[in-house]
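Engineer: Before anything else, here's the structure in question.
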Amino acid sequence: MDLASAICPSISSLSAKMPTKRITVALNTNQSQRAPLLLPLTLSRNPADRESCRALVIKTAQTKLKFRKGSRIFVFRDGRELLQEQDWLDALRDDVILLVSAGEGYVGVRKEPTPEDGPVPSPDCSIHVLAKNALVDSQSIAQIENTVRTLPGLVHACGQPDLHPGSKYPIGAVFVSKRWIHPPLIGGDIGCGMSWYRTTLKRSQVDDDKGKKVGEKLHGLEGPWRSQTEREAWLTEGHESHSAGAEWDESLGTIGAGNHFAEIQVVEQGSSALLENEVILLVHSGSRGYGGDILKRYTSASQDSLHEDDEKAKAYMKEHDRACNWAKCNRDLIALRFLSCLEPGEDAWALGQNKCQVDSDMSIADVKKTLQQRKVVDIWHNNVERTRWPPRSPECIDIQQATSLALSSDAPTIVPGDDTNKPLNILPLPGSRGTPTLILRPRFTASTKFGLDNALSLAHGAGRSMSRANAYLAMTNRWGKAERLTVPTSVLFQRPHAKDGSDIRGGTWVICDEKQLVFEEAPEAYKDVYRVAEDLVRADVAEVLGWCRPRVSYKVRNEGR
DNA sequence: ATGTTC
């Protein structure tokens, strides 16, 4: 194409049409308030004239946006403030956005990011840190600030009192994100969470040194559970299969490493949901290798965030949901395997054993159903939850209404009225091993703007106070042999204690054949769970209903395969 | 956290 033909069409269209510009007038302080305006270029460019371009823009703000104080005009362009009166006139073109101000300076880009913009950071994101008592280091705060500075769509961030540094993004932080999903904020263990189950054991069977005997019953819990056909059946709920394929399903029913565990606890101080002296099982595990595989497939060095309109985001969410369901089935299967050791006479749990021939009057679905009757609570703390934002008072919650906000979480999210489990009125707040697990009840009151402050979430444990590397160093120095850390003599029950200050009922037997994990997960490598709870209570996001004493904490056993 | 990871 030669130069003349490229220029000619624009000249002819100019002369043929009425010379106007199709622009948008918006408020400088609230850009969601906007009105269209067809601005005739025949109007005077002199602001002193009564019928000038400027006068029409100001008048549009007055009549259409009910903004009477308009005295300055900015052009929404490159986030730059154009001070000279003529500047915005020179920048006029179709689709330009003019910002009307009452005299205040340019307040910056407030439009919602779109996929075309690519990821842009979230400068207007509020940050609320709940920790006052609990130790919080500057690195995790810096990680929250850095996350808000670099990821798009974030509108609110909450540092829970168990906050501590992760490799890049913090742990114990919750991010509320509009339109954007950030798989790395969830991390690899998608669907990780905790569940509590009742057992028929009496406290007399686990008190004092009998905890050791109960621990010795726990065998056959390592390695794959039964056949792939049976695993797939366990992963089937109604007509839906949560199978992740044979490779990943092989680890279904296994606890994993890190801070994952299954623990036999006694309720020392109960609530209506957990009665005093009950012996219960707490399972903390996730989606094992599967969630990490998902993270790997949906992120790259150049991409941490997916816009919700992107097909990739929809595909991620589908797999995310599958991993969450897989993880929940995993916790249930871990519980079944434990119950088969703890209650050997119970027919329903026979399926939990690998070796036993199951004289199956009971289908896998029936066994699962029986197990659900034992389940008190099951809560995810590594997931994306869609929720209305900002939260409404609980009386106004309409579960049926579609919501358009995503909540990326590193802590359990308790949406009021959520029906994923039983009525969600209690949650576990585990310390580490020898320290108590507190029973929490979430609160949603006007004082927290009905869960806005805490991003509808609660801390999911005591939170590390030492990195794994530091804990290993400090604990090997302090304890020497790992065995000294696996017996109840090292228990750390500072509070509450018996009237004479002693703790006659004893602490926790730890089954952990990985020496490094024994040291890394030592109670002293964690924050004080009571301080964490105090912060939640002070912030009015939870109350403490009671506490449980862990008696046997199962991590991993070398079954000598 | 993890069929890591060379």
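Chain identifiers are assigned as A, B, and so on, following the order in which chains appear in the structure tokens; residues are numbered from 1 within each chain, and ligands are numbered from 1 in order of appearance.
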Contacts from chain B to chain A, 12 Å maximum, only C-alpha atoms (C1' of nucleotides): show me the residue list as an mmCIF file with all heavy atoms, in the first residue's frame.
Structural biologist:
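The result, written out as selection-v2.cif:
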data_model
loop_
_atom_site.group_PDB
_atom_site.id
_atom_site.type_symbol
_atom_site.label_atom_id
_atom_site.label_comp_id
_atom_site.auth_asym_id
_atom_site.auth_seq_id
_atom_site.Cartn_x
_atom_site.Cartn_y
_atom_site.Cartn_z
ATOM 1 P P DA B 1 4.222 -29.136 55.341
ATOM 2 O OP1 DA B 1 3.898 -30.121 56.299
ATOM 3 O OP2 DA B 1 5.118 -28.076 55.462
ATOM 4 O "O5'" DA B 1 4.417 -29.802 53.887
ATOM 5 C "C5'" DA B 1 3.529 -30.817 53.509
ATOM 6 C "C4'" DA B 1 3.406 -30.841 52.036
ATOM 7 O "O4'" DA B 1 4.049 -29.699 51.480
ATOM 8 C "C3'" DA B 1 4.088 -32.039 51.356
ATOM 9 O "O3'" DA B 1 3.141 -33.092 51.292
ATOM 10 C "C2'" DA B 1 4.329 -31.508 49.950
ATOM 11 C "C1'" DA B 1 4.489 -30.006 50.188
ATOM 12 N N9 DA B 1 5.880 -29.590 50.060
ATOM 13 C C8 DA B 1 6.815 -29.434 51.026
ATOM 14 N N7 DA B 1 7.973 -29.033 50.571
ATOM 15 C C5 DA B 1 7.782 -28.931 49.214
ATOM 16 C C6 DA B 1 8.617 -28.570 48.150
ATOM 17 N N6 DA B 1 9.886 -28.194 48.322
ATOM 18 N N1 DA B 1 8.094 -28.597 46.900
ATOM 19 C C2 DA B 1 6.830 -28.971 46.745
ATOM 20 N N3 DA B 1 5.936 -29.332 47.664
ATOM 21 C C4 DA B 1 6.486 -29.286 48.879
ATOM 22 P P DT B 2 3.480 -34.537 51.070
ATOM 23 O OP1 DT B 2 2.240 -35.270 50.851
ATOM 24 O OP2 DT B 2 4.388 -34.876 52.169
ATOM 25 O "O5'" DT B 2 4.350 -34.532 49.719
ATOM 26 C "C5'" DT B 2 3.762 -34.241 48.466
ATOM 27 C "C4'" DT B 2 4.832 -34.412 47.419
ATOM 28 O "O4'" DT B 2 5.607 -33.193 47.309
ATOM 29 C "C3'" DT B 2 5.892 -35.440 47.785
ATOM 30 O "O3'" DT B 2 5.423 -36.759 47.671
ATOM 31 C "C2'" DT B 2 7.007 -35.036 46.835
ATOM 32 C "C1'" DT B 2 6.869 -33.503 46.803
ATOM 33 N N1 DT B 2 7.921 -32.784 47.620
ATOM 34 C C2 DT B 2 8.811 -31.974 46.978
ATOM 35 O O2 DT B 2 8.792 -31.807 45.772
ATOM 36 N N3 DT B 2 9.723 -31.379 47.795
ATOM 37 C C4 DT B 2 9.827 -31.510 49.177
ATOM 38 O O4 DT B 2 10.694 -30.928 49.790
ATOM 39 C C5 DT B 2 8.848 -32.382 49.783
ATOM 40 C C7 DT B 2 8.872 -32.588 51.266
ATOM 41 C C6 DT B 2 7.952 -32.968 48.990
ATOM 42 P P DG B 3 4.772 -37.484 46.339
ATOM 43 O OP1 DG B 3 4.347 -36.950 45.049
ATOM 44 O OP2 DG B 3 3.844 -38.062 47.211
ATOM 45 O "O5'" DG B 3 5.939 -38.517 46.030
ATOM 46 C "C5'" DG B 3 6.139 -38.620 44.744
ATOM 47 C "C4'" DG B 3 7.543 -38.952 44.453
ATOM 48 O "O4'" DG B 3 7.408 -40.236 43.888
ATOM 49 C "C3'" DG B 3 8.118 -38.047 43.374
ATOM 50 O "O3'" DG B 3 9.508 -38.258 43.355
ATOM 51 C "C2'" DG B 3 7.460 -38.653 42.168
ATOM 52 C "C1'" DG B 3 7.645 -40.159 42.492
ATOM 53 N N9 DG B 3 6.725 -41.066 41.863
ATOM 54 C C8 DG B 3 7.048 -42.220 41.183
ATOM 55 N N7 DG B 3 6.022 -42.844 40.701
ATOM 56 C C5 DG B 3 4.948 -42.047 41.089
ATOM 57 C C6 DG B 3 3.569 -42.203 40.863
ATOM 58 O O6 DG B 3 3.016 -43.119 40.237
ATOM 59 N N1 DG B 3 2.827 -41.178 41.411
ATOM 60 C C2 DG B 3 3.356 -40.131 42.105
ATOM 61 N N2 DG B 3 2.500 -39.219 42.539
ATOM 62 N N3 DG B 3 4.647 -39.977 42.336
ATOM 63 C C4 DG B 3 5.368 -40.956 41.805
ATOM 64 P P DT B 4 10.543 -37.535 42.422
ATOM 65 O OP1 DT B 4 10.067 -37.469 41.029
ATOM 66 O OP2 DT B 4 11.805 -38.187 42.720
ATOM 67 O "O5'" DT B 4 10.634 -36.062 43.044
ATOM 68 C "C5'" DT B 4 10.280 -34.926 42.270
ATOM 69 C "C4'" DT B 4 10.855 -33.681 42.934
ATOM 70 O "O4'" DT B 4 10.725 -33.764 44.369
ATOM 71 C "C3'" DT B 4 12.351 -33.480 42.697
ATOM 72 O "O3'" DT B 4 12.564 -32.079 42.717
ATOM 73 C "C2'" DT B 4 12.999 -34.077 43.916
ATOM 74 C "C1'" DT B 4 12.006 -33.647 44.978
ATOM 75 N N1 DT B 4 12.002 -34.476 46.207
ATOM 76 C C2 DT B 4 12.723 -34.056 47.304
ATOM 77 O O2 DT B 4 13.392 -33.030 47.323
ATOM 78 N N3 DT B 4 12.625 -34.893 48.393
ATOM 79 C C4 DT B 4 11.907 -36.067 48.508
ATOM 80 O O4 DT B 4 11.913 -36.727 49.538
ATOM 81 C C5 DT B 4 11.178 -36.443 47.322
ATOM 82 C C7 DT B 4 10.367 -37.696 47.328
ATOM 83 C C6 DT B 4 11.260 -35.661 46.243
#
Engineer: If you run DSSP on the backbone, which residues of range 156-340 of chain A are strand (DSSP E), as a count of residues only?
Structural biologist: 47
Engineer: Using only C-alpha atoms (C1' of nucleotides), determine which residues lie at most 9 Å from Gln269 in chain A, disregarding the query and same-chain residues fewer than 5 positions distant; provide the list as a PDB file with N, CA, C and O atoms, in the first residue's frame.
Structural biologist:
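Now in result02.pdb:
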ATOM      1  N   LEU A 274     -17.882 -32.232  70.386  1.00  0.00           N
ATOM      2  CA  LEU A 274     -16.886 -33.191  70.857  1.00  0.00           C
ATOM      3  C   LEU A 274     -16.995 -33.258  72.371  1.00  0.00           C
ATOM      4  O   LEU A 274     -16.770 -32.260  73.056  1.00  0.00           O
ATOM      5  N   LEU A 275     -17.340 -34.435  72.858  1.00  0.00           N
ATOM      6  CA  LEU A 275     -17.604 -34.562  74.296  1.00  0.00           C
ATOM      7  C   LEU A 275     -16.331 -34.874  75.065  1.00  0.00           C
ATOM      8  O   LEU A 275     -15.447 -35.570  74.570  1.00  0.00           O
ATOM      9  N   GLU A 276     -16.274 -34.353  76.272  1.00  0.00           N
ATOM     10  CA  GLU A 276     -15.137 -34.592  77.142  1.00  0.00           C
ATOM     11  C   GLU A 276     -14.878 -36.091  77.289  1.00  0.00           C
ATOM     12  O   GLU A 276     -15.821 -36.877  77.396  1.00  0.00           O
ATOM     13  N   ASN A 277     -13.612 -36.474  77.256  1.00  0.00           N
ATOM     14  CA  ASN A 277     -13.141 -37.859  77.414  1.00  0.00           C
ATOM     15  C   ASN A 277     -13.294 -38.721  76.155  1.00  0.00           C
ATOM     16  O   ASN A 277     -12.869 -39.862  76.146  1.00  0.00           O
ATOM     17  N   ILE A 439      -9.943 -26.497  70.281  1.00  0.00           N
ATOM     18  CA  ILE A 439     -11.208 -26.571  69.541  1.00  0.00           C
ATOM     19  C   ILE A 439     -11.727 -25.152  69.357  1.00  0.00           C
ATOM     20  O   ILE A 439     -12.016 -24.457  70.325  1.00  0.00           O
ATOM     21  N   LEU A 545     -13.363 -23.324  72.421  1.00  0.00           N
ATOM     22  CA  LEU A 545     -14.381 -24.087  73.143  1.00  0.00           C
ATOM     23  C   LEU A 545     -13.769 -25.128  74.064  1.00  0.00           C
ATOM     24  O   LEU A 545     -14.400 -25.551  75.023  1.00  0.00           O
ATOM     25  N   GLY A 546     -12.560 -25.561  73.732  1.00  0.00           N
ATOM     26  CA  GLY A 546     -11.956 -26.619  74.544  1.00  0.00           C
ATOM     27  C   GLY A 546     -10.617 -27.024  73.958  1.00  0.00           C
ATOM     28  O   GLY A 546     -10.050 -26.296  73.143  1.00  0.00           O
ATOM     29  N   TRP A 547     -10.136 -28.205  74.415  1.00  0.00           N
ATOM     30  CA  TRP A 547      -8.859 -28.647  73.873  1.00  0.00           C
ATOM     31  C   TRP A 547      -8.730 -30.162  73.925  1.00  0.00           C
ATOM     32  O   TRP A 547      -9.423 -30.835  74.693  1.00  0.00           O
ATOM     33  N   CYS A 548      -7.860 -30.686  73.083  1.00  0.00           N
ATOM     34  CA  CYS A 548      -7.631 -32.121  73.001  1.00  0.00           C
ATOM     35  C   CYS A 548      -6.168 -32.398  73.260  1.00  0.00           C
ATOM     36  O   CYS A 548      -5.296 -31.630  72.868  1.00  0.00           O
TER      37      CYS A 548
END
Engineer: Report the residues of range 40-268 of chain A whose backbone DSSP state falls under alpha helix (DSSP H), written as an MDAnalysis selection string.
Structural biologist: chainID A and resid 53:64 85:90 138:150 183:186 210:216 228:234 246:249
Engineer: Between CA of Glu534 in chain A and CA of Arg478 in chain A, what is the distance, to one decimal in Å?
Structural biologist: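 Distance reported for this atom pair: 28.3 Å.
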Engineer: Of the residues A:Gly345, A:Ala365, A:Arg484, A:Ser52, which is the one nearest to His239 in chain A, using only C-alpha atoms?
Structural biologist: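 So, comparing all the options, the nearest one is A:Ala365.
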Engineer: Provide the CA of Met362 in chain A to CA of Asp347 in chain A distance in Å, to one decimal place.
Structural biologist: 8.7 Å
Engineer: Check the smallest atom-to-atom distance from each of A:Gly70, A:Pro183, A:Gly507, A:Gly463 to Asp304 in chain A using only C-alpha atoms, then report the winner.
Structural biologist: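 Distance minimum relative to Asp304 in chain A lands on A:Pro183.
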Engineer: Find the distance between CA of Ala327 in chain A and CA of Ala244 in chain A and write it in Å to one decimal.
Structural biologist: 10.6 Å
Engineer: Can you work out which one of A:Ile186, A:Leu281, A:Cys329, A:Val148 has the shortest atom-to-atom distance to Leu295 in chain A, counting only C-alpha atoms?
Structural biologist: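 Closest to Leu295 in chain A of all the choices is A:Ile186.
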